[in-house]
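Everything below concerns the one structure shown next.
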Amino acid sequence: MMYQIRQMWLALRGNFTAALATLTTMTLTLALLGAVSLLTLNLERTLSGLEKEVEVSAFLLESANDATLLKTVQALPQVASARIVTKGKALEQLGQDLPGILEPGSLEENPLPDSLRLTLKNPRDVQVVAAQLKALVGVESVEYGEGYVDQALSTLESVRFLGYGLVLLLLLNSLFNILSTVRVGMFARRVEIEVMRLLGARRGFIRAPYVLEGIVLGLLSSLITAALLYPAYFALTGQLRTLLPSLPLLEDRRVVLELLVGLVGLGVLVGGLGSWFAANRYLRELE
Amino acid sequence: MMYQIRQMWLALRGNFTAALATLTTMTLTLALLGAVSLLTLNLERTLSGLEKEVEVSAFLLESANDATLLKTVQALPQVASARIVTKGKALEQLGQDLPGILEPGSLEENPLPDSLRLTLKNPRDVQVVAAQLKALVGVESVEYGEGYVDQALSTLESVRFLGYGLVLLLLLNSLFNILSTVRVGMFARRVEIEVMRLLGARRGFIRAPYVLEGIVLGLLSSLITAALLYPAYFALTGQLRTLLPSLPLLEDRRVVLELLVGLVGLGVLVGGLGSWFAANRYLRELE
Amino acid sequence: MIQLRHVTLEYPGAAQAALDDINLHILKGEFVYLIGHSGAGKSSLMNLILKRETPSRGEVYLSGESLRKYRGGRVALHRRRIGMVFQDNLLLQNLSVFDNVAFALRVIGVPQREWAARVLSVLAQVGLESRQSALPRQLSLGEQQRVALARAVVSDPPLLLLDEPTGNLDPDTSGEIIRLVQSTNLRGTTVVFATHAREVVEQFRHRTLTLRRGKLVRDDPFGGYAL
Amino acid sequence: MIQLRHVTLEYPGAAQAALDDINLHILKGEFVYLIGHSGAGKSSLMNLILKRETPSRGEVYLSGESLRKYRGGRVALHRRRIGMVFQDNLLLQNLSVFDNVAFALRVIGVPQREWAARVLSVLAQVGLESRQSALPRQLSLGEQQRVALARAVVSDPPLLLLDEPTGNLDPDTSGEIIRLVQSTNLRGTTVVFATHAREVVEQFRHRTLTLRRGKLVRDDPFGGYAL
Ligand SMILES: Nc1ncnc2c1ncn2[C@@H]1O[C@H](COP(=O)(O)OP(=O)(O)OP(=O)(O)O)[C@@H](O)[C@H]1O
Ligand SMILES: Nc1ncnc2c1ncn2[C@@H]1O[C@H](COP(=O)(O)OP(=O)(O)OP(=O)(O)O)[C@@H](O)[C@H]1O
Ligand SMILES: [Mg+2]
Ligand SMILES: [Mg+2]
């Protein structure tokens, strides 16, 4: 074992630039992976918050039968909950929103209509439900933030999608770097490796220093990543919290730590498996 | 020259994994650099839009002398423009914002005060000006979106800062990769290189294939980047435009193209200089 | 010990077979010279026995077993029973002289505490005791060749393959080397010795095989250098 | 042509000087053997002349000029006037035999259209015309050594340094090689020939320098192999 570790050390030193290149690439990759994962976790919270808030309002005609409409709407399969807001309630609400301007009783006539307020089981059904509502007798108009809600949803989805796409590319890139580092190491020592084979050394014996090298590189880069990401994340959320206090940020230190531990595990795995695979392949190639 | 190109080709092939690793790393780096640059260009536009919109409102007491105050305020060096909004104007405005609820003349008494509205030469002075206003006789209260404006400014600044930091790291990473690729190539051929030196070949002759290799890698990766970034950017802005029509997006195709051409230039430069530097260094090292 | 039956070796893309229908039997404990012009096929024959190459046709047997079916770990085991000096030396460049020789003991699993005594004794026999901590590139080529020989004999292998082990040695030094090989042979090791050194073949007489353009043209039990 | 004055070469970390106070004068057009035991310093002497090494003390002169002050491009120019066979061959592994030999012409700037004729003629002289498109690793070691010789002589250099050029050649082939070297010598090339081959030194008599442990112990104008 000591021999293998010494050999690994020699390989690392003899091949320092390549190792450094791999280290920086892997660190950047893992850092971005970590950042995207954290972003996704936060997006998911925002998204589910947003989804809960999607409310469809149907404004009713004076002539409408509120109770019947409520029943009809509650019977729709996509609807989670529905309630009536009378025009009196609506005016009261507006008065609270504009204190000092709309005092209770300051208006001679209430210009607001009654309305039905629905929440949906799945916010993606919003357009279907809106169309159904509009077709009901007694409904004057339907409002749900128009294009805004579905656009926001699809944008968030595509940001997440892009993020994972980027991470996938970066992981591939890291893998290429590891393959390359190992291959380079073995290529530079191809004569030595052939000699060892000719002297009767087993593949596993020859492979060991390279696999060790990969594991060490993976471990190092993921540790560096974790050490950078942890304080950076909490500094950022700290700042964001004061700026946008309504954002449902992930600030549970245990969850973040677990994620970073996973990252370290991934780094070691990618480093170890990558170099094992590469060493195996190039050993065969050299024969 | 033909000989050098053939040698470069051999080096690329013999060293394919390392070249591929460099290619993917450089492509990702340049893509991120391009993305951050585009983001920055857009942020700058949003930022300057935002800065123009920073408006400070000072609400005045009934007893205040509006005209004198206006003059005092206009004399302040940080102020770009100032105007008085009378309480009548303010109510009219509110009425327009809430049609059907606040009809003209529906209120017996106007609860709104007169106010001074200022824009600043440099929005970063907002707190100083606010404090000065508050100290004036006749001013009841001052409003400027409180924490929001300066927080938004500093957040945008730090996003931009982070972006360039990331790009710097990535550029360093690309450089390491190039150094590594060249070094690997030369290390693998160290015996050949020594033989060529012993036969009397000049350094430039030995260096040429590696420098060519670096240039080709830089060119390839920056072309791939440009080919990916151009359609991706316009797809994204297209989607954003419908989502947030108020965002002042950069959609001038010429500006974007110029940026991408710059990117290609940078790729070739980093590739060429990096490999020239590396080849030189390792040639010396091998001797 | 070694038997070749109708062995032909054609390198891919080569116009002529490097070895052409060789039949040969080398007994346990024998000392056999292999001579022939440059390019006659001596190294190719060695490489077949080491299973560095596999014959295009025919079979190579070691102790009655065909090498053809050996794979992976089995090849490694096979090679551990052979001590070889390659024509181009092939030392491990990043290991010291001592470690290069000790490597042969490491591979066959000799416990580490026995290494020092065995390695130093064989280094003394090739006259390089004082250079034990030098790296190969700090040695003259003749010295490297002697390290390679030390590595081949240190593990007392049942079979010794020597491919031109004195090509870079002066007559005095190569005489010492051959005496070392002969004493190993007397302890029971089978030796196959490819060489161009007429003096050696003439002076230390042993069974001599002569190759010409890939064909075994002469098998002289009493030796002598005649191409 | 070549002059060494009080030249001492100590490798860093080595206990003993590889060359010790050597004084030597080789005239233009001479043919000089360099003999000595393994490790005596023959290759080191060659390396000094090639400026692969720089002497610790003393000066090496070529045509009256000290090599010490040569740097960068000047060293390259110096080496272009020397044809050398290295003891360990050192061919360019990714070039064919033809391209390896042609490389010597490329370096000295011979126009490309002259290459084919000159390369093929010298390959024929070393008996490897038919292998011109093979890669070095597809050759036997003796064949590689002949390619190295072809590369050294193809450019008709003023100085030829041969370090054990027949170590992997049988007596017949090495005789042909030496005849080729001698004919080059007769066309005016100065030759320094390091060898262990007693037969060669005895058969083709020339001035012989003998090194022993880094010291020049004998300079015999009429030749003969005596260590
Ligand atoms: N990998 C290869 N591919 C094609 N031909 C090869 C290869 N290796 C050897 N040869 C050819 O096979 C023939 C025999 O080669 P081998 O190395 O066995 O000769 P040898 O007797 O050892 O010669 P030497 O005394 O010069 O070492 C030679 O003509 C050589 O060119
Ligand atoms: N780079 C080096 N570092 C330290 N010592 C060296 C180095 N190169 C050679 N030596 C030592 O210098 C001495 C002379 O070496 P040199 O290669 O000149 O011998 P040589 O006469 O060519 O021997 P051979 O006939 O074996 O080739 C040897 O003892 C060798 O070990
Ligand atoms: Mg051979
Ligand atoms: Mg030597």
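Labels used: A, B, ... for chains in the order of the structure tokens, numbers from 1 for residues in each chain, and numbers from 1 for ligands as shown.
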With 10 Å as the limit and counting only C-alpha atoms, what residues in chain D lie close to chain B? Please list them as a short mmCIF file (atom, residue, chain, number, x, y, z; two decimals) with N, CA and C atoms, in the first residue's frame.
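Final output, selection.cif:
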data_model
loop_
_atom_site.label_atom_id
_atom_site.label_comp_id
_atom_site.auth_asym_id
_atom_site.auth_seq_id
_atom_site.Cartn_x
_atom_site.Cartn_y
_atom_site.Cartn_z
N ASN D 47 28.91 13.35 -25.44
CA ASN D 47 27.90 14.34 -25.06
C ASN D 47 28.51 15.72 -24.89
N LEU D 50 28.88 17.16 -28.36
CA LEU D 50 27.57 17.52 -28.91
C LEU D 50 26.94 18.70 -28.15
N LYS D 51 27.59 19.09 -27.07
CA LYS D 51 27.02 20.08 -26.12
C LYS D 51 25.67 19.63 -25.57
N ARG D 52 25.59 18.34 -25.29
CA ARG D 52 24.46 17.83 -24.53
C ARG D 52 24.77 18.03 -23.05
N GLY D 72 21.07 28.47 -27.19
CA GLY D 72 19.87 28.41 -28.04
C GLY D 72 20.14 28.05 -29.49
N GLY D 73 19.82 28.97 -30.38
CA GLY D 73 19.95 28.71 -31.81
C GLY D 73 21.36 28.37 -32.24
N ARG D 74 22.34 28.89 -31.52
CA ARG D 74 23.73 28.61 -31.87
C ARG D 74 24.06 27.15 -31.61
N VAL D 75 23.50 26.60 -30.55
CA VAL D 75 23.70 25.17 -30.26
C VAL D 75 23.10 24.34 -31.38
N ALA D 76 21.90 24.75 -31.82
CA ALA D 76 21.24 24.02 -32.91
C ALA D 76 22.14 24.01 -34.15
N LEU D 77 22.68 25.18 -34.48
CA LEU D 77 23.58 25.26 -35.65
C LEU D 77 24.77 24.34 -35.50
N HIS D 78 25.35 24.36 -34.30
CA HIS D 78 26.50 23.50 -34.01
C HIS D 78 26.15 22.03 -34.25
N ARG D 79 24.97 21.63 -33.75
CA ARG D 79 24.60 20.23 -33.86
C ARG D 79 24.30 19.81 -35.30
N ARG D 80 23.89 20.78 -36.11
CA ARG D 80 23.59 20.42 -37.50
C ARG D 80 24.84 20.02 -38.27
N ARG D 81 25.99 20.33 -37.72
CA ARG D 81 27.24 19.94 -38.39
C ARG D 81 27.73 18.58 -37.92
N ILE D 82 26.94 17.96 -37.02
CA ILE D 82 27.36 16.68 -36.46
C ILE D 82 26.32 15.62 -36.80
N GLY D 83 26.82 14.47 -37.30
CA GLY D 83 25.93 13.32 -37.42
C GLY D 83 26.22 12.41 -36.24
N MET D 84 25.15 11.99 -35.53
CA MET D 84 25.43 11.17 -34.35
C MET D 84 24.55 9.93 -34.29
N PHE D 86 23.29 7.62 -31.41
CA PHE D 86 23.26 7.52 -29.96
C PHE D 86 23.29 6.06 -29.55
N ASN D 89 20.01 4.51 -29.71
CA ASN D 89 19.32 4.73 -30.99
C ASN D 89 18.57 6.04 -31.11
N LEU D 90 17.48 6.18 -30.30
CA LEU D 90 16.73 7.42 -30.30
C LEU D 90 16.21 7.82 -31.68
N LEU D 91 15.37 6.96 -32.25
CA LEU D 91 14.68 7.36 -33.47
C LEU D 91 13.40 8.10 -33.10
N LEU D 92 12.84 8.80 -34.06
CA LEU D 92 11.55 9.46 -33.83
C LEU D 92 10.45 8.42 -34.05
N GLN D 93 9.76 8.06 -32.97
CA GLN D 93 8.88 6.90 -32.99
C GLN D 93 7.66 7.06 -33.89
N ASN D 94 7.23 8.29 -34.12
CA ASN D 94 6.02 8.46 -34.91
C ASN D 94 6.30 8.73 -36.39
N LEU D 95 7.57 8.66 -36.76
CA LEU D 95 7.92 8.84 -38.18
C LEU D 95 8.40 7.52 -38.76
N PHE D 103 14.69 13.45 -41.84
CA PHE D 103 14.65 14.53 -40.84
C PHE D 103 16.00 15.24 -40.75
N ALA D 104 17.09 14.46 -40.87
CA ALA D 104 18.42 15.07 -40.81
C ALA D 104 18.62 16.06 -41.95
N ARG D 106 16.04 17.66 -43.48
CA ARG D 106 15.12 18.76 -43.22
C ARG D 106 15.77 19.78 -42.30
N VAL D 107 16.41 19.26 -41.25
CA VAL D 107 16.98 20.16 -40.26
C VAL D 107 18.08 21.05 -40.86
N ILE D 108 18.89 20.48 -41.74
CA ILE D 108 19.96 21.32 -42.30
C ILE D 108 19.49 22.09 -43.52
N ARG D 151 20.69 7.86 -40.71
CA ARG D 151 20.34 9.24 -40.41
C ARG D 151 21.59 10.08 -40.15
N ALA D 152 22.57 9.46 -39.49
CA ALA D 152 23.78 10.22 -39.15
C ALA D 152 24.62 10.55 -40.38
#
Exercise for the section: Could the residues of chain D within 6 Å of chain C, counting only C-alpha atoms, be given as a PyMOL selection string, please? Expected result: chain D and resi 37-39+140+142+167-170+196
Convert the current residue selection to file output with N, CA and C atoms, as an mmCIF file, in the first residue's frame.
data_model
loop_
_atom_site.group_PDB
_atom_site.id
_atom_site.type_symbol
_atom_site.label_atom_id
_atom_site.label_comp_id
_atom_site.auth_asym_id
_atom_site.auth_seq_id
_atom_site.Cartn_x
_atom_site.Cartn_y
_atom_site.Cartn_z
ATOM 1 N N HIS D 37 36.195 0.466 -20.464
ATOM 2 C CA HIS D 37 35.214 -0.382 -19.797
ATOM 3 C C HIS D 37 33.846 0.306 -19.728
ATOM 4 N N SER D 38 32.850 -0.494 -19.391
ATOM 5 C CA SER D 38 31.515 0.061 -19.176
ATOM 6 C C SER D 38 31.574 1.096 -18.057
ATOM 7 N N GLY D 39 31.097 2.324 -18.348
ATOM 8 C CA GLY D 39 31.115 3.383 -17.340
ATOM 9 C C GLY D 39 32.399 4.187 -17.333
ATOM 10 N N SER D 140 13.550 -4.713 -35.826
ATOM 11 C CA SER D 140 14.381 -5.300 -34.783
ATOM 12 C C SER D 140 15.375 -4.233 -34.318
ATOM 13 N N GLY D 142 18.544 -4.222 -34.093
ATOM 14 C CA GLY D 142 19.683 -4.042 -34.997
ATOM 15 C C GLY D 142 19.282 -3.212 -36.208
ATOM 16 N N GLY D 167 26.456 -2.397 -31.458
ATOM 17 C CA GLY D 167 26.186 -3.203 -30.268
ATOM 18 C C GLY D 167 25.115 -4.248 -30.477
ATOM 19 N N ASN D 168 24.186 -3.983 -31.401
ATOM 20 C CA ASN D 168 23.127 -4.948 -31.632
ATOM 21 C C ASN D 168 23.209 -5.543 -33.039
ATOM 22 N N LEU D 169 24.425 -5.575 -33.586
ATOM 23 C CA LEU D 169 24.582 -6.105 -34.944
ATOM 24 C C LEU D 169 25.500 -7.320 -34.931
ATOM 25 N N ASP D 170 25.169 -8.278 -35.785
ATOM 26 C CA ASP D 170 26.022 -9.436 -35.946
ATOM 27 C C ASP D 170 27.295 -9.031 -36.671
ATOM 28 N N HIS D 196 32.789 -1.332 -28.009
ATOM 29 C CA HIS D 196 33.301 -2.433 -27.210
ATOM 30 C C HIS D 196 33.732 -3.592 -28.096
#
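Using only C-alpha atoms, the smallest distance between any of A:Leu20, A:Leu30, A:Leu266, A:Ala80 and chain B comes from A:Leu20.
Nearest to ligand 1 of all the residues C:Leu180, C:Ala18, C:Lys69, C:Glu10 is C:Ala18, counting only C-alpha atoms and all ligand atoms.
With atom CA of C:Val7 on one side and atom CA of C:Ile22 on the other, the separation reads 4.9 Å.
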Problem - Selection: 8 Å around A:Asp66, only C-alpha atoms, excl. self and same-chain fewer than 4 positions, as a PyMOL selection string - result: chain A and resi 60+70+84
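As for atom CA of D:Arg207 and atom CA of D:Leu9, they are spaced 23.6 Å apart.
One distance worth recording is that between atom CA of A:Trp9 and atom CA of A:Val216, which is 10.2 Å.
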Exercise for the section: Please give the complete set of residues from stretch 49-275 of chain A that DSSP, run on the backbone, assigns to strand (DSSP E or B), formatted as a PyMOL selection string. Expected result: chain A and resi 55-60+79-85+115-120+139-143
Handout entry: Shortest interatomic distance to chain B - which of A:Pro111, A:Gly165, A:Gly274, A:Pro77, counting only C-alpha atoms
Key = A:Pro111
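Closest approach to chain B among A:Thr27, A:Ser222, A:Ser37, A:Ser180 is made by A:Ser180 (distances from only C-alpha atoms).
Residue nearest ligand 1, chosen from C:Gly224, C:Gly214, C:Gly175, C:Gly109 and counting only C-alpha atoms and all ligand atoms: C:Gly214.
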Do a neighbour search on B:Ala90 at 8 Å with only C-alpha atoms, toss out local chain neighbours closer than 4 positions, and write the hits as a CSV table (one decimal) with C-alpha atoms, in the first residue's frame.
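Final output, saved to part30.csv:
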chain,number,residue,atom,x,y,z
B,85,VAL,CA,-47.3,67.8,-7.2
B,86,THR,CA,-50.2,69.5,-5.5
B,94,LEU,CA,-55.2,58.2,-7.7
B,112,LEU,CA,-53.6,63.8,0.4
B,114,ASP,CA,-48.8,68.4,-1.5
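Residue nearest chain B, chosen from A:Ala19, A:Leu263, A:Val56, A:Leu118 and counting only C-alpha atoms: A:Ala19.
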